[in-house]
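File shown: my_file_28.csv (CSV, C-alpha atoms).
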```csv
chain,number,residue,atom,x,y,z
N,35,MET,CA,-8.9,17.7,-5.8
N,36,ILE,CA,-8.3,16.8,-9.4
N,37,ALA,CA,-8.4,20.4,-10.7
N,38,THR,CA,-6.8,22.0,-13.7
N,39,ALA,CA,-4.0,23.6,-11.8
N,40,SER,CA,-3.0,20.5,-9.9
N,41,LEU,CA,-3.1,18.4,-13.0
N,42,GLU,CA,-0.9,20.9,-14.9
N,43,GLN,CA,1.6,20.7,-12.1
N,44,LEU,CA,1.6,16.9,-12.2
N,45,ARG,CA,2.1,16.9,-16.0
N,46,ARG,CA,5.3,18.8,-15.5
N,47,CYS,CA,6.7,16.0,-13.2
N,48,HIS,CA,9.3,13.6,-14.5
N,49,PHE,CA,8.8,10.7,-12.2
N,50,ALA,CA,6.4,9.5,-9.5
N,51,VAL,CA,7.0,7.5,-6.3
N,52,ASP,CA,4.7,5.4,-4.2
N,53,LEU,CA,6.6,4.8,-1.0
N,54,GLY,CA,4.6,2.1,0.8
N,55,ALA,CA,5.3,0.2,4.0
N,56,ALA,CA,5.5,-3.1,2.0
N,57,ARG,CA,6.7,-2.1,-1.4
N,58,THR,CA,8.2,0.9,-3.2
N,59,ARG,CA,7.1,1.7,-6.8
N,60,VAL,CA,8.5,4.3,-9.2
N,61,HIS,CA,7.0,5.4,-12.5
N,62,VAL,CA,9.2,7.4,-14.8
N,63,LYS,CA,7.5,9.5,-17.5
N,64,GLY,CA,7.8,7.9,-20.9
N,65,ALA,CA,9.2,4.7,-19.4
N,66,GLY,CA,6.4,3.4,-17.2
N,67,LEU,CA,6.8,1.4,-14.0
N,68,VAL,CA,10.5,0.9,-13.5
N,69,VAL,CA,10.7,-0.1,-9.8
N,70,ASP,CA,8.4,-2.5,-7.9
N,71,GLN,CA,10.4,-3.8,-5.0
N,72,PRO,CA,9.9,-4.4,-1.2
N,73,SER,CA,10.7,-1.4,0.9
N,74,VAL,CA,13.5,-3.1,2.7
N,75,ALA,CA,17.3,-2.5,3.0
N,76,ALA,CA,20.1,-4.5,4.6
N,77,VAL,CA,22.9,-2.6,6.3
N,78,ASN,CA,26.3,-3.6,7.7
N,79,THR,CA,26.2,-2.1,11.2
N,80,ARG,CA,30.0,-2.1,11.5
N,81,ASN,CA,30.7,0.3,8.6
N,82,GLY,CA,27.2,1.6,7.6
N,83,ALA,CA,27.5,0.0,4.1
N,84,LEU,CA,24.3,-0.9,2.3
N,85,ILE,CA,24.4,-4.6,1.5
N,86,ALA,CA,21.1,-5.2,-0.3
N,87,VAL,CA,17.8,-3.6,-1.1
N,88,GLY,CA,14.4,-4.8,-2.3
N,89,GLU,CA,13.7,-8.5,-2.8
N,90,PHE,CA,17.2,-9.7,-1.9
N,91,ALA,CA,17.1,-7.7,1.4
N,92,GLU,CA,13.7,-9.1,2.2
N,93,ARG,CA,14.9,-12.7,1.7
N,94,MET,CA,17.6,-11.9,4.2
N,95,THR,CA,15.1,-11.1,7.0
N,96,GLY,CA,15.6,-13.4,10.0
N,97,ARG,CA,18.7,-15.0,8.3
N,98,THR,CA,21.4,-12.5,9.0
N,99,PRO,CA,24.4,-12.5,11.4
N,100,ASP,CA,24.5,-10.0,14.2
N,101,TYR,CA,26.4,-7.3,12.2
N,102,ILE,CA,23.8,-7.1,9.4
N,103,ARG,CA,20.5,-5.3,10.2
N,104,VAL,CA,17.4,-5.5,7.9
N,105,VAL,CA,15.5,-2.2,8.1
N,106,ARG,CA,12.3,-0.7,6.7
N,107,PRO,CA,12.6,3.0,6.2
N,108,VAL,CA,8.9,3.4,5.5
N,109,SER,CA,6.1,2.7,8.0
N,110,GLY,CA,2.4,3.1,7.3
N,111,GLY,CA,3.1,5.1,4.1
N,112,THR,CA,5.3,7.6,6.1
N,113,VAL,CA,9.1,7.9,5.7
N,114,VAL,CA,10.6,7.2,9.2
N,115,ASP,CA,14.3,7.2,8.1
N,116,ILE,CA,14.9,9.8,5.4
N,117,GLU,CA,18.6,9.0,4.8
N,118,MET,CA,17.9,5.3,4.5
N,119,ALA,CA,14.9,5.8,2.2
N,120,GLN,CA,17.1,8.0,-0.1
N,121,ARG,CA,19.8,5.3,-0.2
N,122,MET,CA,17.3,2.6,-0.9
N,123,LEU,CA,15.6,4.6,-3.7
N,124,ARG,CA,19.0,5.3,-5.3
N,125,HIS,CA,19.9,1.7,-5.5
N,126,LEU,CA,16.5,0.6,-6.6
N,127,LEU,CA,16.6,3.1,-9.5
N,128,GLY,CA,20.1,2.1,-10.5
N,129,ASP,CA,22.9,4.3,-11.9
N,130,ARG,CA,21.5,4.4,-15.5
N,131,MET,CA,18.0,5.6,-14.5
N,132,ARG,CA,19.4,8.2,-12.0
N,133,ARG,CA,21.7,9.6,-14.7
N,134,SER,CA,18.8,9.8,-17.1
N,135,LEU,CA,16.7,11.7,-14.5
N,136,ARG,CA,19.5,14.1,-13.5
N,137,ARG,CA,19.8,15.2,-17.1
N,138,ARG,CA,16.2,16.7,-16.9
N,139,PRO,CA,16.2,20.4,-16.3
N,140,ARG,CA,14.5,21.3,-13.0
N,141,LEU,CA,13.7,17.8,-12.1
N,142,ARG,CA,10.2,17.4,-10.7
N,143,ALA,CA,8.7,14.5,-8.8
N,144,ALA,CA,5.3,13.4,-7.5
N,145,ALA,CA,4.6,11.2,-4.5
N,146,CYS,CA,1.6,9.6,-2.8
N,147,THR,CA,0.8,10.5,0.8
N,148,PRO,CA,-1.7,8.9,3.2
N,149,HIS,CA,-5.0,10.7,3.5
N,150,ASP,CA,-4.4,12.2,7.0
N,151,ALA,CA,-0.6,12.6,6.7
N,152,ASP,CA,0.5,15.4,9.0
N,153,PRO,CA,2.9,18.1,7.9
N,154,LEU,CA,6.0,16.3,9.3
N,155,ALA,CA,5.2,13.2,7.4
N,156,GLN,CA,4.6,15.2,4.2
N,157,ARG,CA,7.9,17.0,4.8
N,158,ALA,CA,9.8,13.7,5.2
N,159,THR,CA,8.4,12.5,1.8
N,160,ILE,CA,9.5,15.7,0.2
N,161,GLU,CA,13.0,15.7,1.7
N,162,THR,CA,13.4,12.0,0.6
N,163,LEU,CA,12.8,13.0,-3.1
N,164,VAL,CA,14.7,16.2,-2.9
N,165,GLY,CA,17.7,14.1,-1.8
N,166,LEU,CA,17.4,12.3,-5.2
N,167,GLY,CA,17.7,15.6,-7.0
N,168,ALA,CA,14.1,16.7,-7.3
N,169,ARG,CA,13.8,20.5,-7.4
N,170,ARG,CA,10.0,20.4,-6.7
N,171,VAL,CA,7.8,17.7,-5.3
N,172,GLU,CA,4.0,17.4,-5.8
N,173,LEU,CA,2.0,15.4,-3.2
N,174,VAL,CA,-1.1,13.5,-4.1
N,175,ASP,CA,-3.5,11.8,-1.8
N,176,THR,CA,-3.1,8.1,-2.1
N,177,LEU,CA,-6.8,7.5,-2.2
N,178,ILE,CA,-7.2,9.9,-5.2
N,179,ALA,CA,-4.2,8.3,-7.0
N,180,ALA,CA,-5.5,4.8,-6.4
N,181,ALA,CA,-9.0,5.7,-7.6
N,182,VAL,CA,-7.6,7.2,-10.8
N,183,GLY,CA,-5.3,4.2,-11.3
N,184,CYS,CA,-8.1,1.6,-11.1
N,185,GLY,CA,-10.3,3.5,-13.5
N,186,LEU,CA,-13.0,4.9,-11.1
N,187,PRO,CA,-14.9,7.9,-12.6
N,188,VAL,CA,-13.9,10.1,-9.7
N,189,GLU,CA,-14.6,13.3,-11.6
N,190,ARG,CA,-18.4,12.6,-11.9
N,191,PRO,CA,-21.0,13.8,-9.4
N,192,GLU,CA,-21.9,10.2,-8.6
N,193,ALA,CA,-20.3,8.7,-5.5
N,194,THR,CA,-17.5,6.1,-5.7
N,195,MET,CA,-16.1,4.3,-2.7
N,196,ILE,CA,-12.6,3.0,-2.5
N,197,LEU,CA,-11.0,0.8,0.1
N,198,MET,CA,-7.2,1.0,0.2
N,199,CYS,CA,-5.8,-2.1,1.9
N,200,GLY,CA,-2.2,-1.5,2.7
N,201,ALA,CA,0.4,-3.4,4.8
N,202,ALA,CA,0.3,-1.1,7.8
N,203,ALA,CA,-3.0,0.8,7.4
N,204,THR,CA,-6.4,0.6,5.7
N,205,GLN,CA,-8.0,3.7,4.2
N,206,VAL,CA,-11.5,4.1,3.0
N,207,ALA,CA,-13.1,7.1,1.3
N,208,VAL,CA,-16.1,8.2,-0.7
N,209,LEU,CA,-15.2,10.4,-3.7
N,210,SER,CA,-17.3,12.6,-5.8
N,211,LEU,CA,-16.6,15.5,-8.2
N,212,GLY,CA,-12.9,14.8,-8.1
N,213,SER,CA,-12.4,15.1,-4.4
N,214,ILE,CA,-12.8,13.2,-1.2
N,215,VAL,CA,-16.2,13.7,0.5
N,216,THR,CA,-15.4,11.7,3.7
N,217,ALA,CA,-12.6,9.3,4.6
N,218,GLN,CA,-11.2,7.3,7.4
N,219,ARG,CA,-7.8,5.8,8.1
N,220,MET,CA,-7.6,2.6,10.3
N,221,PRO,CA,-4.2,1.7,11.7
N,222,VAL,CA,-4.5,-2.0,10.7
N,223,GLY,CA,-3.6,-3.7,7.5
N,224,GLY,CA,-2.0,-6.8,6.2
N,225,GLU,CA,0.7,-6.8,8.8
N,226,ALA,CA,-1.9,-6.7,11.6
N,227,VAL,CA,-3.5,-9.8,10.1
N,228,ASP,CA,0.0,-11.4,10.0
N,229,ARG,CA,0.6,-10.6,13.6
N,230,ALA,CA,-2.7,-12.0,14.7
N,231,ILE,CA,-2.0,-15.3,12.9
N,232,VAL,CA,1.5,-15.5,14.4
N,233,GLN,CA,0.2,-14.9,17.9
N,234,HIS,CA,-2.5,-17.5,17.5
N,235,LEU,CA,-0.1,-20.2,16.4
N,236,ARG,CA,2.3,-19.4,19.2
N,237,HIS,CA,-0.3,-19.5,21.9
N,238,GLU,CA,-2.5,-22.3,20.6
N,239,HIS,CA,0.1,-24.6,19.0
N,240,ALA,CA,3.4,-23.5,20.6
N,241,LEU,CA,4.7,-22.9,17.1
N,242,MET,CA,7.0,-20.2,15.8
N,243,LEU,CA,6.8,-19.3,12.2
N,244,PRO,CA,9.7,-18.3,10.0
N,245,SER,CA,9.5,-14.5,9.2
N,246,GLN,CA,8.3,-15.1,5.6
N,247,SER,CA,5.8,-18.0,6.1
N,248,VAL,CA,2.7,-16.0,7.1
N,249,ARG,CA,1.8,-15.1,3.5
N,250,PRO,CA,1.9,-18.8,2.5
N,251,LEU,CA,-0.5,-19.4,5.4
N,252,GLN,CA,-2.9,-16.8,4.0
N,253,VAL,CA,-2.6,-18.4,0.6
N,254,ALA,CA,-3.5,-21.7,2.1
N,255,LEU,CA,-6.8,-20.1,3.0
N,256,HIS,CA,-7.4,-19.9,-0.7
N,257,GLY,CA,-10.7,-19.1,-2.4
N,258,ASN,CA,-13.1,-18.2,0.3
N,259,GLY,CA,-10.4,-18.4,3.0
N,260,LEU,CA,-12.0,-15.9,5.4
N,261,THR,CA,-15.5,-17.4,5.1
N,262,ALA,CA,-16.9,-20.7,6.3
N,263,GLN,CA,-16.8,-22.1,2.8
N,264,GLY,CA,-13.0,-22.3,2.8
N,265,PRO,CA,-10.9,-25.3,3.6
N,266,THR,CA,-11.4,-26.8,7.1
N,267,SER,CA,-7.7,-27.3,7.9
N,268,THR,CA,-4.2,-26.6,6.6
N,269,GLU,CA,-0.8,-27.9,7.5
N,270,ILE,CA,1.7,-25.4,8.8
N,271,HIS,CA,5.5,-25.9,9.2
N,272,GLY,CA,7.4,-24.0,11.9
N,273,ARG,CA,9.6,-24.3,15.0
N,274,ASP,CA,8.6,-25.7,18.4
N,275,VAL,CA,8.7,-22.9,21.0
N,276,ALA,CA,10.0,-25.2,23.7
N,277,THR,CA,12.5,-27.5,21.9
N,278,GLY,CA,13.5,-25.3,19.0
N,279,LEU,CA,13.0,-28.3,16.6
N,280,ALA,CA,11.1,-28.1,13.4
N,281,ARG,CA,7.6,-29.6,13.4
N,282,SER,CA,4.3,-29.4,11.6
N,283,VAL,CA,0.8,-28.9,12.9
N,284,LEU,CA,-2.6,-29.2,11.4
N,285,VAL,CA,-4.3,-25.9,11.9
N,286,ASP,CA,-8.1,-25.4,12.1
N,287,THR,CA,-8.8,-22.6,9.7
N,288,ALA,CA,-12.0,-21.7,11.6
N,289,ALA,CA,-9.7,-20.8,14.6
N,290,VAL,CA,-7.5,-18.8,12.3
N,291,ARG,CA,-10.5,-16.9,11.0
N,292,GLU,CA,-11.5,-16.2,14.6
N,293,ALA,CA,-8.0,-15.0,15.4
N,294,ILE,CA,-8.0,-12.3,12.7
N,295,GLN,CA,-11.5,-11.0,13.5
N,296,THR,CA,-10.2,-8.1,15.5
N,297,PRO,CA,-8.2,-6.3,12.7
N,298,LEU,CA,-11.0,-7.1,10.2
N,299,THR,CA,-13.7,-5.7,12.6
N,300,THR,CA,-11.7,-2.5,12.8
N,301,VAL,CA,-11.8,-2.2,9.0
N,302,LEU,CA,-15.6,-2.7,9.0
N,303,ASP,CA,-16.0,-0.1,11.7
N,304,GLY,CA,-14.2,2.4,9.5
N,305,ILE,CA,-16.4,1.6,6.5
N,306,TYR,CA,-19.5,2.1,8.6
N,307,LYS,CA,-18.3,5.4,10.0
N,308,VAL,CA,-17.6,6.7,6.5
N,309,LEU,CA,-21.1,5.6,5.4
N,310,ARG,CA,-22.7,7.4,8.4
N,311,GLU,CA,-20.9,10.6,7.6
N,312,CYS,CA,-21.7,10.5,3.9
N,313,PRO,CA,-24.6,12.5,2.5
N,314,PRO,CA,-27.7,10.3,1.9
N,315,ASP,CA,-27.7,11.0,-1.9
N,316,LEU,CA,-24.2,9.6,-2.2
N,317,VAL,CA,-25.0,6.6,-0.1
N,318,ALA,CA,-27.8,5.7,-2.5
N,319,ASP,CA,-25.2,5.8,-5.3
N,320,LEU,CA,-23.0,3.4,-3.4
N,321,ALA,CA,-25.7,0.8,-2.9
N,322,ASP,CA,-25.5,0.2,-6.7
N,323,ARG,CA,-21.8,1.0,-7.4
N,324,GLY,CA,-20.4,-0.7,-4.2
N,325,ILE,CA,-16.8,-0.7,-3.0
N,326,MET,CA,-13.6,-0.9,-5.0
N,327,MET,CA,-10.8,-2.6,-3.2
N,328,VAL,CA,-7.2,-1.7,-4.0
N,329,GLY,CA,-3.8,-2.3,-2.3
N,330,GLY,CA,-1.8,-5.4,-1.8
N,331,SER,CA,-3.8,-6.7,1.1
N,332,ALA,CA,-7.0,-6.6,-1.0
N,333,LEU,CA,-5.9,-10.0,-2.3
N,334,LEU,CA,-6.3,-11.6,1.2
N,335,PRO,CA,-8.4,-14.7,0.3
N,336,GLY,CA,-12.1,-14.2,1.0
N,337,LEU,CA,-11.8,-10.6,2.3
N,338,ASP,CA,-14.0,-9.3,-0.5
N,339,GLN,CA,-16.7,-11.9,0.3
N,340,MET,CA,-16.6,-11.1,4.0
N,341,LEU,CA,-17.1,-7.4,3.2
N,342,ARG,CA,-19.9,-8.2,0.8
N,343,GLU,CA,-21.7,-10.2,3.5
N,344,ALA,CA,-21.2,-7.6,6.2
N,345,THR,CA,-22.2,-4.5,4.2
N,346,GLY,CA,-24.7,-5.9,1.7
N,347,MET,CA,-23.0,-3.9,-1.0
N,348,PRO,CA,-21.2,-5.0,-4.2
N,349,VAL,CA,-17.5,-5.4,-3.6
N,350,ASN,CA,-15.0,-5.6,-6.4
N,351,ILE,CA,-11.2,-6.0,-6.5
N,352,ALA,CA,-9.2,-3.9,-8.9
N,353,GLU,CA,-7.5,-5.7,-11.8
N,354,ARG,CA,-4.1,-5.0,-10.3
N,355,PRO,CA,-4.9,-3.7,-6.8
N,356,ASP,CA,-1.2,-3.5,-5.7
N,357,VAL,CA,-0.1,-1.0,-8.3
N,358,CYS,CA,-3.2,1.2,-8.5
N,359,ALA,CA,-1.7,4.2,-6.7
N,360,VAL,CA,1.4,4.5,-8.7
N,361,GLN,CA,-0.6,3.7,-11.9
N,362,GLY,CA,-2.9,6.7,-11.1
N,363,LEU,CA,0.1,8.9,-10.5
N,364,GLY,CA,1.6,7.7,-13.8
N,365,ASP,CA,-1.6,8.5,-15.7
N,366,MET,CA,-1.6,12.0,-14.3
N,367,LEU,CA,2.1,12.5,-15.3
N,368,GLU,CA,1.5,11.2,-18.8
N,369,GLY,CA,-1.5,13.5,-19.3
N,370,LYS,CA,-4.1,10.6,-19.5
N,371,VAL,CA,-6.4,12.3,-17.0
N,372,GLU,CA,-8.7,15.1,-18.2
N,373,PRO,CA,-8.9,18.1,-15.9
N,374,LEU,CA,-12.2,18.7,-14.0
N,375,VAL,CA,-14.1,21.7,-15.5
N,376,LEU,CA,-16.8,23.0,-13.2
N,377,ASP,CA,-18.3,25.4,-15.7
N,378,PRO,CA,-21.5,23.8,-17.1
N,379,LEU,CA,-23.0,27.0,-18.2
N,380,GLY,CA,-19.9,28.0,-20.3
N,381,THR,CA,-19.7,31.4,-18.6
```

Rewrite the structure of this file - the entire thing - as structure tokens.
Amino acid sequence: MIATASLEQLRRCHFAVDLGAARTRVHVKGAGLVVDQPSVAAVNTRNGALIAVGEFAERMTGRTPDYIRVVRPVSGGTVVDIEMAQRMLRHLLGDRMRRSLRRRPRLRAAACTPHDADPLAQRATIETLVGLGARRVELVDTLIAAAVGCGLPVERPEATMILMCGAAATQVAVLSLGSIVTAQRMPVGGEAVDRAIVQHLRHEHALMLPSQSVRPLQVALHGNGLTAQGPTSTEIHGRDVATGLARSVLVDTAAVREAIQTPLTTVLDGIYKVLRECPPDLVADLADRGIMMVGGSALLPGLDQMLREATGMPVNIAERPDVCAVQGLGDMLEGKVEPLVLDPLGT
């Protein structure tokens, strides 16, 4: 809940971290967003040395010799390798920024955590930032942070609905009076859509895609890509499963849309469940206000149109959906969010 006490604690923090499965973002108080890089590290398995982090490490995916391993220390918003996450963050911040932070007395940090994160997952996030020198770590629900970051009036009694489309998971919640009324977390996200497309091309066209070519395929479904109004076909380049030779195929985009229906249906089921559990008065608010989409996978072409048709509700995408969570944390750190005061009678 966005209450006076929690906001006071956050205003004392010096930096905020959004550790996502796809990207890691760091907001430093007074400096703004200083890190926005893929959550990837490349390691030399012979001596344990860190070779690259961020975008350079991501470009190495699928192109390395045997002794170099590309790892992702964060999965589904949860740190799965604390030591590697610490090393990755140190290199992403750089020596100059780390020295600047270490000079702060009693360094405090804030971090996003998924809505239903268990105590072990929360502890892993805390230990990761303690390893960077933080003496105290405040945890904020990703849904609350993202709602604040995209400008939703979460402190009002009217309902707002937010759909957080992440790489490994999708979260949906109804917020009112500064807290979450009801929420669901679905274990499908942009990566599940990627896998569905890869499997479809392998089974139907005997084509293997390079590790970094799925996103261009989604971009090829530009405009209303997930709806029938999109392009009828698109050319895809890959490697033949049998011969290993490079070749191109003309892919029917209607078949691609069919292939990704399973993960998208799971998202719709989660939205319907939240609406069923939501008080009727708040559902009436949502009929007018609709759904706000945030997260990097919110930009999947045509996803907003598909949700609009399925729910009959207005669906909007935040101005910068990929950075809403860290932006919300940053606003709290900088004191741009007013505390919620539940004292209308002035007693």

Could you tell me how far atom CA of N:Leu44 sits from atom CA of N:Leu363, in Å to one decimal place? 8.3 Å

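Closest to N:Arg136 among N:Gly82, N:Gly165, N:Gly200, N:Pro355 is N:Gly165, based on all atoms listed in the file.
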
Take the point (-9.7, 6.1, -2.6) in the file's coordinates, draw a sphere of radius 6 Å around it, and report as a ChimeraX atom specification every protein, DNA or RNA residue with an atom inside or on it, counting only C-alpha atoms. /N:177-178,180-181,196,207

Give me the residues near N:Leu173 as a PDB file with C-alpha atoms, in the coordinates of the input, where near means some atom within 7 Å (using all atoms listed in the file) and where sequence neighbours in that chain fewer than 2 positions away do not count.
```
ATOM      1  CA  ALA N 144       5.300  13.400  -7.500  1.00  0.00           C
ATOM      2  CA  ALA N 145       4.600  11.200  -4.500  1.00  0.00           C
ATOM      3  CA  CYS N 146       1.600   9.600  -2.800  1.00  0.00           C
ATOM      4  CA  THR N 147       0.800  10.500   0.800  1.00  0.00           C
ATOM      5  CA  VAL N 171       7.800  17.700  -5.300  1.00  0.00           C
ATOM      6  CA  ASP N 175      -3.500  11.800  -1.800  1.00  0.00           C
TER       7      ASP N 175
END
```

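Here atom CA of N:Val74 and atom CA of N:Val108 stand 8.4 Å from one another.
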
Residues near N:Leu211, anyone? I mean within 7 Å using only C-alpha atoms, not counting same-chain ones fewer than 5 positions away, as a VMD selection string. chain N and resid 188 to 191

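Residues in contact with N:Val222 at 9 Å, where only C-alpha atoms are counted and same-chain residues fewer than 5 positions away are skipped, are listed as Cys199, Gly200, Ala201, Ala202, Ala203, Thr204, Val227, Pro297, Leu298, Thr300 and Val301 of chain N.
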
Using only C-alpha atoms, pick whichever of N:Asn350, N:Ser210, N:Ser73, N:Gln361 has the shortest atom-to-atom distance to N:Ala332. N:Asn350

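Restricting the calculation to all atoms listed in the file, the smallest distance between N:Ile325 and any of N:Ala193, N:Gly212, N:Gly369, N:Arg124 is found for N:Ala193.
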
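Counting all atoms listed in the file and comparing N:Leu123, N:Leu186, N:Leu279, N:Met195, the residue that lies closest to N:Leu166 is N:Leu123.
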
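Atom CA of N:Leu241 is positioned 5.6 Å from atom CA of N:Val275.
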
Determine, counting all atoms listed in the file, which protein, DNA and RNA residues have an atom within 9 Å of an atom of N:Thr216; residues of the same chain fewer than 4 positions away are not included. Present the result as a PyMOL selection string. chain N and resi 206-209+308-309+311-312

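With all atoms listed in the file as the atoms that count, the minimum distance from N:Ser331 to the choices N:Glu161, N:Asp115, N:Asp303, N:Asp356 is reached by N:Asp356.
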
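Residue nearest N:Thr162 within the list N:Val113, N:Met198, N:Cys184, N:Leu302: N:Val113 [criterion: smallest interatomic distance, all atoms listed in the file].
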
Counting all atoms listed in the file, select every polymer residue within 6 Å of (-4.0, -24.8, 8.0) as defined in the file's coordinates, and provide the selection as a VMD selection string. chain N and resid 267 to 270 284 to 287

Go ahead and save the residues from that selection, with C-alpha atoms, as a short mmCIF file (atom, residue, chain, number, x, y, z; two decimals), in the coordinates of the input.
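File produced: selection-v8.cif:
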```cif
data_model
loop_
_atom_site.label_atom_id
_atom_site.label_comp_id
_atom_site.auth_asym_id
_atom_site.auth_seq_id
_atom_site.Cartn_x
_atom_site.Cartn_y
_atom_site.Cartn_z
CA SER N 267 -7.70 -27.30 7.90
CA THR N 268 -4.20 -26.60 6.60
CA GLU N 269 -0.80 -27.90 7.50
CA ILE N 270 1.70 -25.40 8.80
CA LEU N 284 -2.60 -29.20 11.40
CA VAL N 285 -4.30 -25.90 11.90
CA ASP N 286 -8.10 -25.40 12.10
CA THR N 287 -8.80 -22.60 9.70
#
```

Show me, as a PyMOL selection string, the residues that have an atom within 7 Å of N:Ala288 when counting only C-alpha atoms, minus same-chain residues fewer than 3 positions from it. chain N and resi 266+291-292
